[in-house]
Every structure is written in C-alpha cells, then in structure tokens.
>>> print(open('model.cif').read())   # mmCIF, C-alpha atoms and all ligand atoms
data_run
#
loop_
_atom_site.label_atom_id
_atom_site.label_comp_id
_atom_site.auth_asym_id
_atom_site.auth_seq_id
_atom_site.Cartn_x
_atom_site.Cartn_y
_atom_site.Cartn_z
CA MET A 11 -24.13 -41.93 54.30
CA SER A 12 -22.64 -43.22 51.12
CA ALA A 13 -18.92 -43.11 50.35
CA ILE A 14 -16.58 -44.34 47.65
CA LEU A 15 -13.50 -46.42 48.44
CA VAL A 16 -10.56 -46.72 46.04
CA ILE A 17 -8.34 -49.74 46.62
CA GLY A 18 -4.82 -48.58 45.80
CA GLU A 19 -1.78 -50.62 44.88
CA LEU A 20 1.94 -49.95 44.91
CA ASN A 21 4.36 -50.33 42.04
CA GLU A 22 7.99 -50.56 43.14
CA GLY A 23 7.27 -48.70 46.38
CA VAL A 24 5.21 -45.83 44.95
CA VAL A 25 1.47 -45.58 44.33
CA ALA A 26 0.70 -47.28 40.99
CA SER A 27 -0.48 -44.98 38.18
CA HIS A 28 -3.76 -46.90 37.79
CA THR A 29 -4.67 -46.00 41.37
CA PHE A 30 -4.80 -42.34 40.26
CA GLU A 31 -7.08 -43.32 37.36
CA LEU A 32 -9.46 -44.92 39.90
CA LEU A 33 -9.29 -41.76 42.03
CA ALA A 34 -10.34 -39.65 39.03
CA ALA A 35 -13.34 -41.93 38.46
CA ALA A 36 -14.20 -41.75 42.17
CA ARG A 37 -13.90 -37.94 42.13
CA SER A 38 -16.42 -37.62 39.29
CA LEU A 39 -18.84 -40.01 41.05
CA SER A 40 -18.40 -37.96 44.21
CA ASP A 41 -19.10 -34.72 42.34
CA ALA A 42 -22.31 -36.36 41.09
CA GLY A 43 -23.40 -37.02 44.70
CA GLY A 44 -21.74 -40.38 45.43
CA GLY A 45 -20.22 -39.30 48.77
CA ASP A 46 -16.65 -38.67 49.92
CA VAL A 47 -13.71 -40.34 48.21
CA HIS A 48 -11.68 -42.59 50.54
CA ALA A 49 -8.52 -44.34 49.38
CA LEU A 50 -6.74 -47.25 51.01
CA VAL A 51 -3.23 -48.23 49.99
CA PRO A 52 -0.58 -50.46 51.57
CA GLY A 53 2.25 -48.30 52.89
CA ASP A 54 3.05 -45.52 55.33
CA SER A 55 1.65 -42.01 55.67
CA SER A 56 4.14 -40.48 53.21
CA VAL A 57 2.94 -42.91 50.53
CA GLY A 58 -0.65 -42.04 51.48
CA GLN A 59 -0.18 -38.25 51.15
CA SER A 60 0.15 -38.44 47.36
CA LEU A 61 -3.41 -39.73 47.10
CA PHE A 62 -4.89 -36.41 48.24
CA GLY A 63 -3.40 -34.66 45.21
CA GLY A 64 -5.01 -37.30 43.01
CA GLY A 65 -8.50 -36.59 44.32
CA ALA A 66 -8.96 -38.41 47.67
CA ASP A 67 -10.86 -36.70 50.50
CA ALA A 68 -9.58 -39.18 53.10
CA VAL A 69 -6.66 -41.60 53.00
CA HIS A 70 -6.10 -44.84 54.90
CA VAL A 71 -2.83 -46.77 54.83
CA ALA A 72 -2.49 -50.46 55.64
CA THR A 73 0.82 -50.36 57.46
CA ASN A 74 1.70 -54.03 57.84
CA GLN A 75 5.03 -54.59 56.08
CA LEU A 76 3.83 -57.85 54.51
CA LEU A 77 1.25 -55.94 52.44
CA GLN A 78 3.93 -53.69 51.01
CA THR A 79 6.10 -56.55 49.79
CA GLU A 80 3.58 -59.34 49.04
CA LEU A 81 0.07 -58.09 48.39
CA THR A 82 -2.20 -61.13 48.63
CA VAL A 83 -5.98 -61.34 48.83
CA ASP A 84 -6.18 -63.00 52.27
CA ALA A 85 -3.74 -60.56 53.82
CA PHE A 86 -5.43 -57.42 52.44
CA LEU A 87 -9.06 -58.41 53.13
CA PRO A 88 -9.17 -57.49 56.87
CA PRO A 89 -7.89 -53.89 56.43
CA VAL A 90 -10.22 -53.35 53.46
CA LEU A 91 -13.24 -54.73 55.35
CA ASN A 92 -12.29 -52.53 58.32
CA VAL A 93 -12.23 -49.37 56.17
CA ILE A 94 -15.50 -50.27 54.43
CA GLU A 95 -17.18 -50.73 57.82
CA ASN A 96 -15.76 -47.50 59.28
CA THR A 97 -16.49 -45.31 56.27
CA GLY A 98 -19.81 -46.84 55.19
CA ALA A 99 -18.41 -47.11 51.65
CA ASP A 100 -21.02 -48.52 49.29
CA ILE A 101 -18.95 -48.16 46.10
CA VAL A 102 -15.56 -49.90 45.90
CA LEU A 103 -13.24 -49.31 42.93
CA ILE A 104 -10.45 -51.80 42.20
CA ALA A 105 -8.04 -51.93 39.26
CA GLN A 106 -8.29 -54.93 36.95
CA THR A 107 -4.70 -55.96 37.67
CA ALA A 108 -3.35 -59.42 38.49
CA PHE A 109 -4.21 -58.63 42.13
CA GLY A 110 -7.55 -56.91 41.43
CA ARG A 111 -8.83 -59.82 39.35
CA ASP A 112 -8.62 -62.02 42.47
CA PHE A 113 -9.45 -59.40 45.03
CA GLY A 114 -12.73 -58.12 43.51
CA PRO A 115 -14.56 -61.46 43.63
CA ALA A 116 -13.07 -62.33 47.05
CA LEU A 117 -14.25 -59.04 48.53
CA ALA A 118 -17.69 -59.48 46.97
CA PHE A 119 -17.94 -62.98 48.45
CA ASN A 120 -17.04 -61.66 51.90
CA LEU A 121 -19.61 -58.88 51.74
CA LYS A 122 -22.31 -60.99 50.04
CA ALA A 123 -22.21 -58.33 47.33
CA ALA A 124 -21.84 -58.35 43.55
CA VAL A 125 -18.79 -57.36 41.52
CA ALA A 126 -18.73 -56.16 37.91
CA MET A 127 -15.37 -56.90 36.34
CA GLU A 128 -13.45 -55.04 33.65
CA CYS A 129 -15.73 -52.02 33.42
CA THR A 130 -14.97 -49.14 31.08
CA GLY A 131 -17.33 -46.41 32.31
CA LEU A 132 -19.13 -45.44 35.51
CA THR A 133 -22.06 -43.11 36.20
CA LEU A 134 -24.55 -42.59 39.01
CA ASP A 135 -28.22 -43.17 38.33
CA GLY A 136 -30.54 -42.25 41.16
CA GLY A 137 -27.64 -42.46 43.59
CA ARG A 138 -26.78 -46.00 42.48
CA LEU A 139 -23.80 -47.03 40.42
CA GLN A 140 -24.23 -47.89 36.75
CA ALA A 141 -21.26 -49.40 34.93
CA THR A 142 -20.49 -50.11 31.29
CA ARG A 143 -18.67 -53.27 30.32
CA ALA A 144 -18.02 -55.19 27.12
CA CYS A 145 -20.04 -58.33 26.43
CA TYR A 146 -20.38 -60.93 23.64
CA GLY A 147 -16.60 -60.97 23.19
CA GLY A 148 -16.43 -57.20 22.81
CA SER A 149 -19.14 -56.97 20.12
CA ALA A 150 -21.60 -55.16 22.39
CA ARG A 151 -21.70 -53.16 25.59
CA ALA A 152 -23.80 -53.90 28.67
CA GLU A 153 -24.96 -51.42 31.28
CA VAL A 154 -25.03 -53.09 34.69
CA LYS A 155 -26.45 -52.14 38.09
CA TRP A 156 -26.11 -53.82 41.46
CA GLY A 157 -28.75 -55.62 43.53
CA SER A 158 -26.43 -55.64 46.56
CA SER A 159 -25.97 -52.63 48.82
CA VAL A 160 -22.18 -52.56 48.31
CA GLN A 161 -21.27 -52.11 44.65
CA ILE A 162 -17.82 -53.42 43.69
CA VAL A 163 -16.25 -52.73 40.34
CA THR A 164 -12.93 -53.46 38.65
CA ILE A 165 -11.59 -51.13 35.96
CA LYS A 166 -8.92 -51.94 33.41
CA PRO A 167 -5.82 -49.71 33.72
CA LYS A 168 -5.60 -46.92 31.12
CA THR A 169 -9.34 -46.96 30.44
CA LEU A 170 -9.78 -43.67 32.30
CA ASP A 171 -7.54 -40.61 32.65
CA ALA A 172 -6.06 -39.57 35.99
CA LEU A 173 -6.61 -35.98 37.15
CA ALA A 174 -3.82 -33.42 37.05
CA THR A 175 -2.16 -33.49 40.49
CA ASP A 176 -3.56 -30.82 42.82
CA ASP A 177 -0.76 -30.07 45.31
CA SER A 178 -3.01 -27.76 47.33
CA ARG A 179 -4.97 -30.76 48.61
CA SER A 180 -3.77 -32.51 51.76
CA GLY A 181 -5.20 -34.17 54.85
CA GLU A 182 -4.82 -36.65 57.68
CA VAL A 183 -3.77 -40.19 56.88
CA THR A 184 -5.38 -42.90 59.03
CA GLU A 185 -3.30 -45.98 59.77
CA VAL A 186 -4.88 -49.43 59.65
CA SER A 187 -2.76 -52.12 61.25
CA GLU A 188 -4.80 -55.27 60.56
CA VAL A 189 -3.49 -57.95 58.29
CA GLY A 190 -4.91 -61.34 57.37
CA GLU A 191 -3.12 -64.65 57.30
CA ALA A 192 -1.79 -65.13 53.80
CA ARG A 193 -2.66 -68.59 52.51
CA VAL A 194 -0.81 -67.92 49.28
CA LYS A 195 2.91 -67.33 49.16
CA ILE A 196 4.36 -65.40 46.25
CA LEU A 197 7.48 -67.32 45.29
CA GLY A 198 8.71 -64.73 42.84
CA THR A 199 7.72 -62.26 40.19
CA GLU A 200 9.07 -61.96 36.70
CA LYS A 201 8.96 -58.84 34.59
CA ALA A 202 7.65 -59.26 31.06
CA GLU A 203 10.52 -58.84 28.64
CA ALA A 204 10.30 -55.45 27.00
CA THR A 205 12.87 -53.15 25.55
CA GLY A 206 12.36 -49.44 25.14
CA ILE A 207 9.21 -47.56 26.10
CA ARG A 208 6.40 -49.52 27.77
CA LEU A 209 3.41 -49.96 25.45
CA GLU A 210 1.02 -48.51 28.05
CA ASP A 211 3.14 -45.38 28.55
CA ALA A 212 4.07 -44.64 24.93
CA GLU A 213 2.87 -41.45 23.24
CA VAL A 214 3.23 -43.16 19.86
CA VAL A 215 2.24 -46.78 19.20
CA VAL A 216 2.87 -48.54 15.88
CA SER A 217 0.87 -51.77 15.78
CA GLY A 218 0.88 -54.55 13.21
CA GLY A 219 -1.75 -57.12 12.27
CA ARG A 220 -2.23 -60.33 10.34
CA GLY A 221 -2.14 -58.40 7.08
CA LEU A 222 1.63 -58.00 7.53
CA GLY A 223 1.82 -61.54 6.18
CA GLU A 224 5.07 -62.49 7.96
CA PRO A 225 6.65 -62.05 11.40
CA GLU A 226 9.77 -60.37 9.96
CA ALA A 227 7.62 -57.36 9.02
CA PHE A 228 7.51 -56.36 12.70
CA GLY A 229 11.17 -55.37 12.22
CA ILE A 230 10.23 -52.33 10.10
CA LEU A 231 7.38 -51.46 12.47
CA GLU A 232 9.89 -51.43 15.33
CA GLU A 233 12.20 -49.24 13.26
CA LEU A 234 9.35 -46.78 12.65
CA GLY A 235 8.32 -46.94 16.31
CA ASN A 236 11.89 -46.20 17.46
CA LEU A 237 12.20 -43.24 15.08
CA LEU A 238 8.99 -41.81 16.55
CA ASN A 239 10.10 -42.54 20.11
CA GLY A 240 7.24 -44.97 20.47
CA ALA A 241 6.42 -48.59 21.20
CA THR A 242 5.32 -51.49 19.01
CA GLY A 243 2.02 -53.32 19.50
CA ALA A 244 0.17 -56.09 17.70
CA SER A 245 -3.30 -57.44 17.06
CA ARG A 246 -4.32 -60.69 18.66
CA ALA A 247 -4.28 -62.43 15.28
CA ALA A 248 -0.61 -61.50 14.88
CA CYS A 249 0.21 -62.60 18.46
CA ASP A 250 -1.72 -65.87 18.07
CA LEU A 251 0.35 -66.62 14.96
CA GLY A 252 3.45 -66.26 17.16
CA TRP A 253 4.64 -63.21 15.20
CA TYR A 254 4.90 -60.91 18.22
CA PRO A 255 4.95 -61.41 22.03
CA PRO A 256 1.48 -61.62 23.68
CA SER A 257 2.67 -58.96 26.17
CA GLN A 258 2.40 -56.46 23.29
CA GLN A 259 -1.18 -57.40 22.29
CA VAL A 260 -3.58 -54.47 22.14
CA GLY A 261 -7.29 -54.97 22.68
CA LEU A 262 -10.03 -56.38 24.81
CA THR A 263 -7.93 -59.34 25.96
CA GLY A 264 -4.67 -57.42 25.67
CA LYS A 265 -3.48 -54.01 26.78
CA THR A 266 -5.39 -50.75 26.63
CA VAL A 267 -3.41 -47.87 25.13
CA THR A 268 -4.30 -44.19 24.79
CA PRO A 269 -1.36 -42.67 22.89
CA ASN A 270 -1.30 -39.38 21.05
CA LEU A 271 -0.69 -41.27 17.81
CA TYR A 272 -1.73 -44.86 17.02
CA ILE A 273 -0.54 -46.18 13.66
CA ALA A 274 -2.46 -49.35 12.77
CA VAL A 275 -0.65 -51.25 10.06
CA ALA A 276 -2.60 -54.02 8.28
CA ILE A 277 -5.12 -54.32 11.11
CA SER A 278 -8.79 -54.62 10.12
CA GLY A 279 -10.23 -52.94 13.23
CA ALA A 280 -12.28 -55.72 14.84
CA SER A 281 -14.31 -54.48 17.82
CA GLN A 282 -12.05 -56.43 20.20
CA HIS A 283 -8.97 -54.61 18.87
CA MET A 284 -10.73 -51.23 18.91
CA ALA A 285 -11.63 -51.84 22.58
CA GLY A 286 -7.94 -51.45 23.44
CA MET A 287 -7.02 -48.40 21.35
CA SER A 288 -10.09 -46.36 20.42
CA GLY A 289 -9.14 -43.84 23.14
CA SER A 290 -6.04 -42.87 21.09
CA LYS A 291 -6.01 -39.16 20.26
CA ASN A 292 -5.09 -39.68 16.57
CA ILE A 293 -5.51 -42.93 14.68
CA VAL A 294 -3.69 -43.45 11.39
CA ALA A 295 -4.60 -46.55 9.38
CA ILE A 296 -2.34 -48.10 6.78
CA ASN A 297 -4.45 -50.67 5.02
CA ARG A 298 -5.20 -51.92 1.52
CA ASP A 299 -8.94 -52.04 2.23
CA GLU A 300 -10.61 -48.64 2.34
CA ASP A 301 -13.79 -50.21 3.73
CA SER A 302 -12.06 -51.77 6.74
CA ASN A 303 -13.30 -50.59 10.10
CA MET A 304 -9.84 -49.31 11.04
CA VAL A 305 -9.78 -47.03 7.99
CA GLN A 306 -13.34 -45.89 8.68
CA SER A 307 -12.49 -45.13 12.33
CA SER A 308 -9.18 -43.37 11.65
CA ARG A 309 -8.38 -39.68 11.43
CA PHE A 310 -5.98 -40.25 8.53
CA ALA A 311 -5.60 -43.31 6.33
CA VAL A 312 -3.22 -44.47 3.64
CA ILE A 313 -4.92 -46.98 1.35
CA GLU A 314 -1.92 -48.88 0.07
CA ASP A 315 0.26 -51.93 0.62
CA TYR A 316 2.19 -51.34 3.86
CA LYS A 317 5.33 -52.66 2.15
CA LYS A 318 5.35 -49.48 0.06
CA VAL A 319 4.17 -47.09 2.77
CA ILE A 320 6.32 -47.94 5.81
CA PRO A 321 9.78 -47.81 4.12
CA ALA A 322 8.80 -44.51 2.43
CA LEU A 323 7.61 -43.11 5.78
CA ILE A 324 10.85 -44.19 7.50
CA GLU A 325 12.87 -42.55 4.70
CA GLU A 326 10.93 -39.28 5.03
CA ILE A 327 11.31 -39.17 8.80
CA LYS A 328 15.06 -39.80 8.50
CA ASN A 329 15.30 -36.95 5.96
CA LEU A 330 13.64 -34.63 8.45
CA GLY A 331 16.73 -35.03 10.53
C1 LIG A 401 -13.22 -62.92 22.94
C2 LIG A 401 -12.31 -62.32 21.92
C3 LIG A 401 -11.32 -61.46 22.34
C4 LIG A 401 -10.46 -60.86 21.40
N1 LIG A 401 -9.49 -60.01 21.85
C5 LIG A 401 -8.73 -59.37 20.92
C6 LIG A 401 -7.75 -58.40 21.33
O1 LIG A 401 -7.54 -58.14 22.52
N2 LIG A 401 -7.02 -57.78 20.37
C7 LIG A 401 -7.19 -58.03 19.03
O2 LIG A 401 -6.48 -57.44 18.21
N3 LIG A 401 -8.09 -58.95 18.63
C8 LIG A 401 -8.84 -59.63 19.53
N4 LIG A 401 -9.72 -60.58 19.10
C9 LIG A 401 -9.66 -61.00 17.68
C10 LIG A 401 -10.42 -60.06 16.74
O3 LIG A 401 -11.78 -60.46 16.67
C11 LIG A 401 -9.82 -60.14 15.32
O4 LIG A 401 -9.85 -61.47 14.86
C12 LIG A 401 -8.38 -59.63 15.22
O5 LIG A 401 -8.27 -58.35 15.84
C13 LIG A 401 -8.01 -59.49 13.76
O6 LIG A 401 -6.65 -59.14 13.66
P1 LIG A 401 -6.09 -58.36 12.40
O7 LIG A 401 -6.83 -57.09 12.22
O8 LIG A 401 -4.62 -58.32 12.59
O9 LIG A 401 -6.37 -59.39 11.20
P2 LIG A 401 -7.42 -59.33 10.05
O10 LIG A 401 -8.79 -59.13 10.54
O11 LIG A 401 -7.15 -60.54 9.22
O12 LIG A 401 -7.05 -58.03 9.20
C14 LIG A 401 -5.92 -57.91 8.41
C15 LIG A 401 -5.98 -56.54 7.73
O13 LIG A 401 -4.80 -56.34 7.00
C16 LIG A 401 -5.11 -55.69 5.77
N5 LIG A 401 -4.02 -56.01 4.84
C17 LIG A 401 -3.73 -57.24 4.29
N6 LIG A 401 -2.60 -57.13 3.54
C18 LIG A 401 -2.18 -55.85 3.63
C19 LIG A 401 -1.08 -55.14 3.08
N7 LIG A 401 -0.15 -55.76 2.32
N8 LIG A 401 -0.97 -53.81 3.34
C20 LIG A 401 -1.88 -53.16 4.09
N9 LIG A 401 -2.97 -53.80 4.65
C21 LIG A 401 -3.10 -55.12 4.44
C22 LIG A 401 -6.46 -56.25 5.39
O14 LIG A 401 -7.13 -55.36 4.50
C23 LIG A 401 -7.15 -56.36 6.72
O15 LIG A 401 -7.85 -55.18 7.03
C24 LIG A 401 -10.59 -61.18 20.01
C25 LIG A 401 -11.61 -62.03 19.61
C26 LIG A 401 -12.45 -62.60 20.53
C27 LIG A 401 -13.55 -63.51 20.05
#
>>> encode(input="model.cif", output="structure tokens")
Amino acid sequence: MSAILVIGELNEGVVASHTFELLAAARSLSDAGGGDVHALVPGDSSVGQSLFGGGADAVHVATNQLLQTELTVDAFLPPVLNVIENTGADIVLIAQTAFGRDFGPALAFNLKAAVAMECTGLTLDGGRLQATRACYGGSARAEVKWGSSVQIVTIKPKTLDALATDDSRSGEVTEVSEVGEARVKILGTEKAEATGIRLEDAEVVVSGGRGLGEPEAFGILEELGNLLNGATGASRAACDLGWYPPSQQVGLTGKTVTPNLYIAVAISGASQHMAGMSGSKNIVAINRDEDSNMVQSSRFAVIEDYKKVIPALIEEIKNLG
C-alpha cells in the first residue's frame, strides 16, 4: 500500500509554516489516490496534534530532545527510516530549507532512491509522482519522474499554499524514540538581520531592481513599503551590486513571495526573478520600458521614470491619511 510521508520541522518550538504547505501538497496527492498522509516531526504529542488540522491522517513524533534543539541529518535519519518502513511510504516530501537541502540527498542515498530538489508542483500520473522543477537557470521547466520505488522530493517554502486549519480533525500520535549519532555539531545559529515584516510573510512587497541606478533609491522604496505595511525586496542584479542585502533577494536563487500586492520598481522581469514572485495576487510594474516582461506580466503598470512615480505615490498615500 502506498503512503505519503511529510517530514516536518520546528521553528522556535512550534511546527514551521512550510510543514503545513507540504501537508497541503500531500493532501491533494492523497485525494488523487496517493495513499494516506503521514507526518513526522521532532517534538512531543502536543506539537504533533496540530498536524492533523493541517491535513495529516497519521502523525509520528520523534521524541528525542536532541532533535528538538539541534536537528541534524545523522540524528534524524533513523526515526525517518523507521517511519518509512512501518508506513510503507513511497512518497516523501521535504521542505527545501537549510536542513532539507542536506536531508533529501542523505535520505535518498540511504534508501538507494532518487530525490528531485526544489520542485514547484506535484501531480500523480498512473499512481507515480510527477514533479515540476526549474531547469536551465530558470528559463525552462522540467517534468521529472522517479525510477526508484521511493520518490523523494524537496519543495521550496511558499511555493504552495497551506490548507485552512480544520480543527475537527484529530487522531493518535505515535512516538518514535530512535535517534542517530550526530556527526555534526551546530555551534550556533544567527538570524538574518531584518527589521519590520519578514519578506516571506508580507502582504505587500515593494521590490527594486538595477534600473534604480543607485543604492540610495532603496530608501524611498522602504518608505513606500512602510506606508503600505509591507516589506522591501530586490532583484538579484541589485543585490549583486551590493545595493541591498542578499537576504531580501526575490527569485529562483532568492526567496519566494506570494503577497497580495507586489510592486516591481525598475525590474525587467527575467524568468529567474518571476520564479520567486509570479504567485503574487496583484503585480504592479513601475518601469520605463512598456515592452519589459514585468510590465507585460503585471496587472497594472506605470510606464514612467520611478523617480517621478514613487515620490508622487508616497505623497498620495500620505494624503489619504
Ligand atoms: C542561475 C540564475 C539564477 C538567477 N536568480 C535570480 C533571482 O533569484 N532573482 C533575480 O532577480 N534574478 C536572478 N537572476 C538574474 C536574472 O537573470 C536577471 O539578470 C535579473 O533579475 C535582472 O535584474 P533587474 O530586473 O533588476 O535588472 P535589469 O534586467 O537590468 O532591468 C532593469 C529594469 O529597470 C528599468 N528601468 C531603468 N531605469 C528606470 C527608471 N528610471 N525608471 C523605471 N524603470 C527603469 C529597465 O527598463 C529595465 O526593465 C538569475 C540568473 C541566473 C543565471
């Protein structure tokens, strides 16, 4: 019998939001005939309960304290292998996080299976997983299938939407006590410097590109972002020039954002940038070039020098009160 296993992670003691995105993907595969949705997360049974509401049919918690404070590949492999063996899971979903990037290939190596990294879409075809992922530096998309019986996939956070929590769902949480010997010791973690709303969580994102012409221009983008209660992002070209921190880069090799409103200022709309923001509900382009891909892909566009548009926009918003 086939089953789907979601590998969950914690963020400051609670289940990380991307775990719920994986659960939503697992739920739709399950509804298409992929088998029951199992979820495994480090923690205790109270942590595990929340996963039912997100779409899990069965929840397993890896209870060893070490896994809750220092999640390393070697330590987490034995409980994961245990759950795969006991559930017969043939699809394993992992988030493309700092941990998932290491864990996916390590798990695949252990199971003599294949892993497809950084996928953006999943479907079932004849009962087998088919995944979509970017290739040729984001210029094209590839559909991949697995030759191995276990199909392992990593998915970038924010690529998929989580389901609305269903509080009527509950169940038994199974405890898994195994833990592997950690060969890596985490000496410390450092939070990326960010003030205000996190880029990934913002409902409004104002991003700037190389067309701004100077790093100081990010000042007025931040002012606009603050007025709209949003966050400021940047294209890779702007980050590579040292105009804005790489932690705020949007795109294929940066963050994925899905805000209600994405204002792209002086960004041409290269496929690699679009890969990180095309899921935005409303895209507004401010660009001098009406033929640019960003203008063509936007819902609204202002074809003008941003130096005229942004101060006028800020003024108008301030007048609104
Ligand atoms: C493997 C790979 C991964 C990549 N990953 C990413 C990624 O994650 N994110 C990303 O962004 N890019 C990524 N890139 C780079 C990407 O291909 C583009 O080079 C980059 O997105 C271009 O940035 P830009 O739009 O800011 O600059 P440009 O392409 O130079 O565009 C500048 C825009 O500004 C407009 N403009 C100029 N002056 C003004 C003005 N005064 N007022 C209004 N508009 C003006 C121009 O009309 C133009 O459209 C990647 C590339 C590769 C090969």
>>> residues_around(input="model.cif", residues="stretch 233-243 of chain A", least_positions_apart="3", cutoff="7 Å", atoms="only C-alpha atoms", output="list in words")
Ile207, Arg208, Leu209, Ala212, Glu213, Val214, Val215, Val216, Ser217, Gly218, Gly229, Ile230, Gln258, Gln259, Val260 and Ile324 of chain A
>>> residues_near_ligand(input="model.cif", ligand="ligand LIG 401 (chain A)", cutoff="8 Å", atoms="all atoms listed in the file", output="number ranges by chain")
A: 146-148, 218-223, 244-248, 259-265, 275-286, 296-300, 302-304, 313-317
>>> write_last_selection(input="model.cif", atoms="C-alpha atoms", output="compact mmCIF listing (two decimals), keeping the file's coordinate frame")
# COMPACT_ATOMS: atom_id res chain seq x y z
CA TYR A 146 -20.38 -60.93 23.64
CA GLY A 147 -16.60 -60.97 23.19
CA GLY A 148 -16.43 -57.20 22.81
CA GLY A 218 0.88 -54.55 13.21
CA GLY A 219 -1.75 -57.12 12.27
CA ARG A 220 -2.23 -60.33 10.34
CA GLY A 221 -2.14 -58.40 7.08
CA LEU A 222 1.63 -58.00 7.53
CA GLY A 223 1.82 -61.54 6.18
CA ALA A 244 0.17 -56.09 17.70
CA SER A 245 -3.30 -57.44 17.06
CA ARG A 246 -4.32 -60.69 18.66
CA ALA A 247 -4.28 -62.43 15.28
CA ALA A 248 -0.61 -61.50 14.88
CA GLN A 259 -1.18 -57.40 22.29
CA VAL A 260 -3.58 -54.47 22.14
CA GLY A 261 -7.29 -54.97 22.68
CA LEU A 262 -10.03 -56.38 24.81
CA THR A 263 -7.93 -59.34 25.96
CA GLY A 264 -4.67 -57.42 25.67
CA LYS A 265 -3.48 -54.01 26.78
CA VAL A 275 -0.65 -51.25 10.06
CA ALA A 276 -2.60 -54.02 8.28
CA ILE A 277 -5.12 -54.32 11.11
CA SER A 278 -8.79 -54.62 10.12
CA GLY A 279 -10.23 -52.94 13.23
CA ALA A 280 -12.28 -55.72 14.84
CA SER A 281 -14.31 -54.48 17.82
CA GLN A 282 -12.05 -56.43 20.20
CA HIS A 283 -8.97 -54.61 18.87
CA MET A 284 -10.73 -51.23 18.91
CA ALA A 285 -11.63 -51.84 22.58
CA GLY A 286 -7.94 -51.45 23.44
CA ILE A 296 -2.34 -48.10 6.78
CA ASN A 297 -4.45 -50.67 5.02
CA ARG A 298 -5.20 -51.92 1.52
CA ASP A 299 -8.94 -52.04 2.23
CA GLU A 300 -10.61 -48.64 2.34
CA SER A 302 -12.06 -51.77 6.74
CA ASN A 303 -13.30 -50.59 10.10
CA MET A 304 -9.84 -49.31 11.04
CA ILE A 313 -4.92 -46.98 1.35
CA GLU A 314 -1.92 -48.88 0.07
CA ASP A 315 0.26 -51.93 0.62
CA TYR A 316 2.19 -51.34 3.86
CA LYS A 317 5.33 -52.66 2.15
>>> atom_distance(input="model.cif", atom1="atom CA of A:Glu325", atom2="atom CA of A:Leu231")
13.0 Å
>>> closest_residue(input="model.cif", among="A:Thr184, A:Ser38, A:Gln78, A:Ser56", to="A:Gly131", atoms="all atoms listed in the file")
A:Ser38
>>> residues_around(input="model.cif", residues="A:Gly53", least_positions_apart="3", cutoff="6 Å", atoms="all atoms listed in the file", output="list in words")
Val57, Val71, Ala72, Thr73 and Gln78 of chain A
>>> atom_distance(input="model.cif", atom1="atom CA of A:Gln75", atom2="atom CA of A:Ala108")
20.1 Å
>>> closest_residue(input="model.cif", among="A:Pro255, A:Arg309, A:Cys249, A:Ala68", to="A:Tyr272", atoms="only C-alpha atoms")
A:Arg309
>>> closest_residue(input="model.cif", among="A:Leu91, A:Ala118, A:Ala26, A:Ile293", to="A:Ile273", atoms="all atoms listed in the file")
A:Ile293
>>> closest_residue(input="model.cif", among="A:Ala126, A:Gly58, A:Val93, A:Ile320", to="A:Gly157", atoms="only C-alpha atoms")
A:Ala126
>>> closest_residue(input="model.cif", among="A:Thr199, A:Ser12, A:Gln161, A:Asn292", to="A:Lys122", atoms="all atoms listed in the file")
A:Gln161
>>> atom_distance(input="model.cif", atom1="atom CA of A:Thr142", atom2="atom CA of A:His70")
28.1 Å
>>> closest_residue(input="model.cif", among="A:Val102, A:Ala123, A:Leu61, A:Val90", to="A:Ser158", atoms="all atoms listed in the file")
A:Ala123
>>> residues_around(input="model.cif", residues="stretch 164-176 of chain A", least_positions_apart="5", cutoff="10 Å", atoms="all atoms listed in the file", output="count of residues only")
49
>>> residues_near_point(input="model.cif", point="(-21.4, -39.3, 51.5)", cutoff="6 Å", atoms="all atoms listed in the file", output="ChimeraX atom specification")
/A:11-13,45-46
>>> residues_around(input="model.cif", residues="A:Ala42", least_positions_apart="2", cutoff="10 Å", atoms="all atoms listed in the file", output="PyMOL selection string")
chain A and resi 36-40+44-45+133-135+137
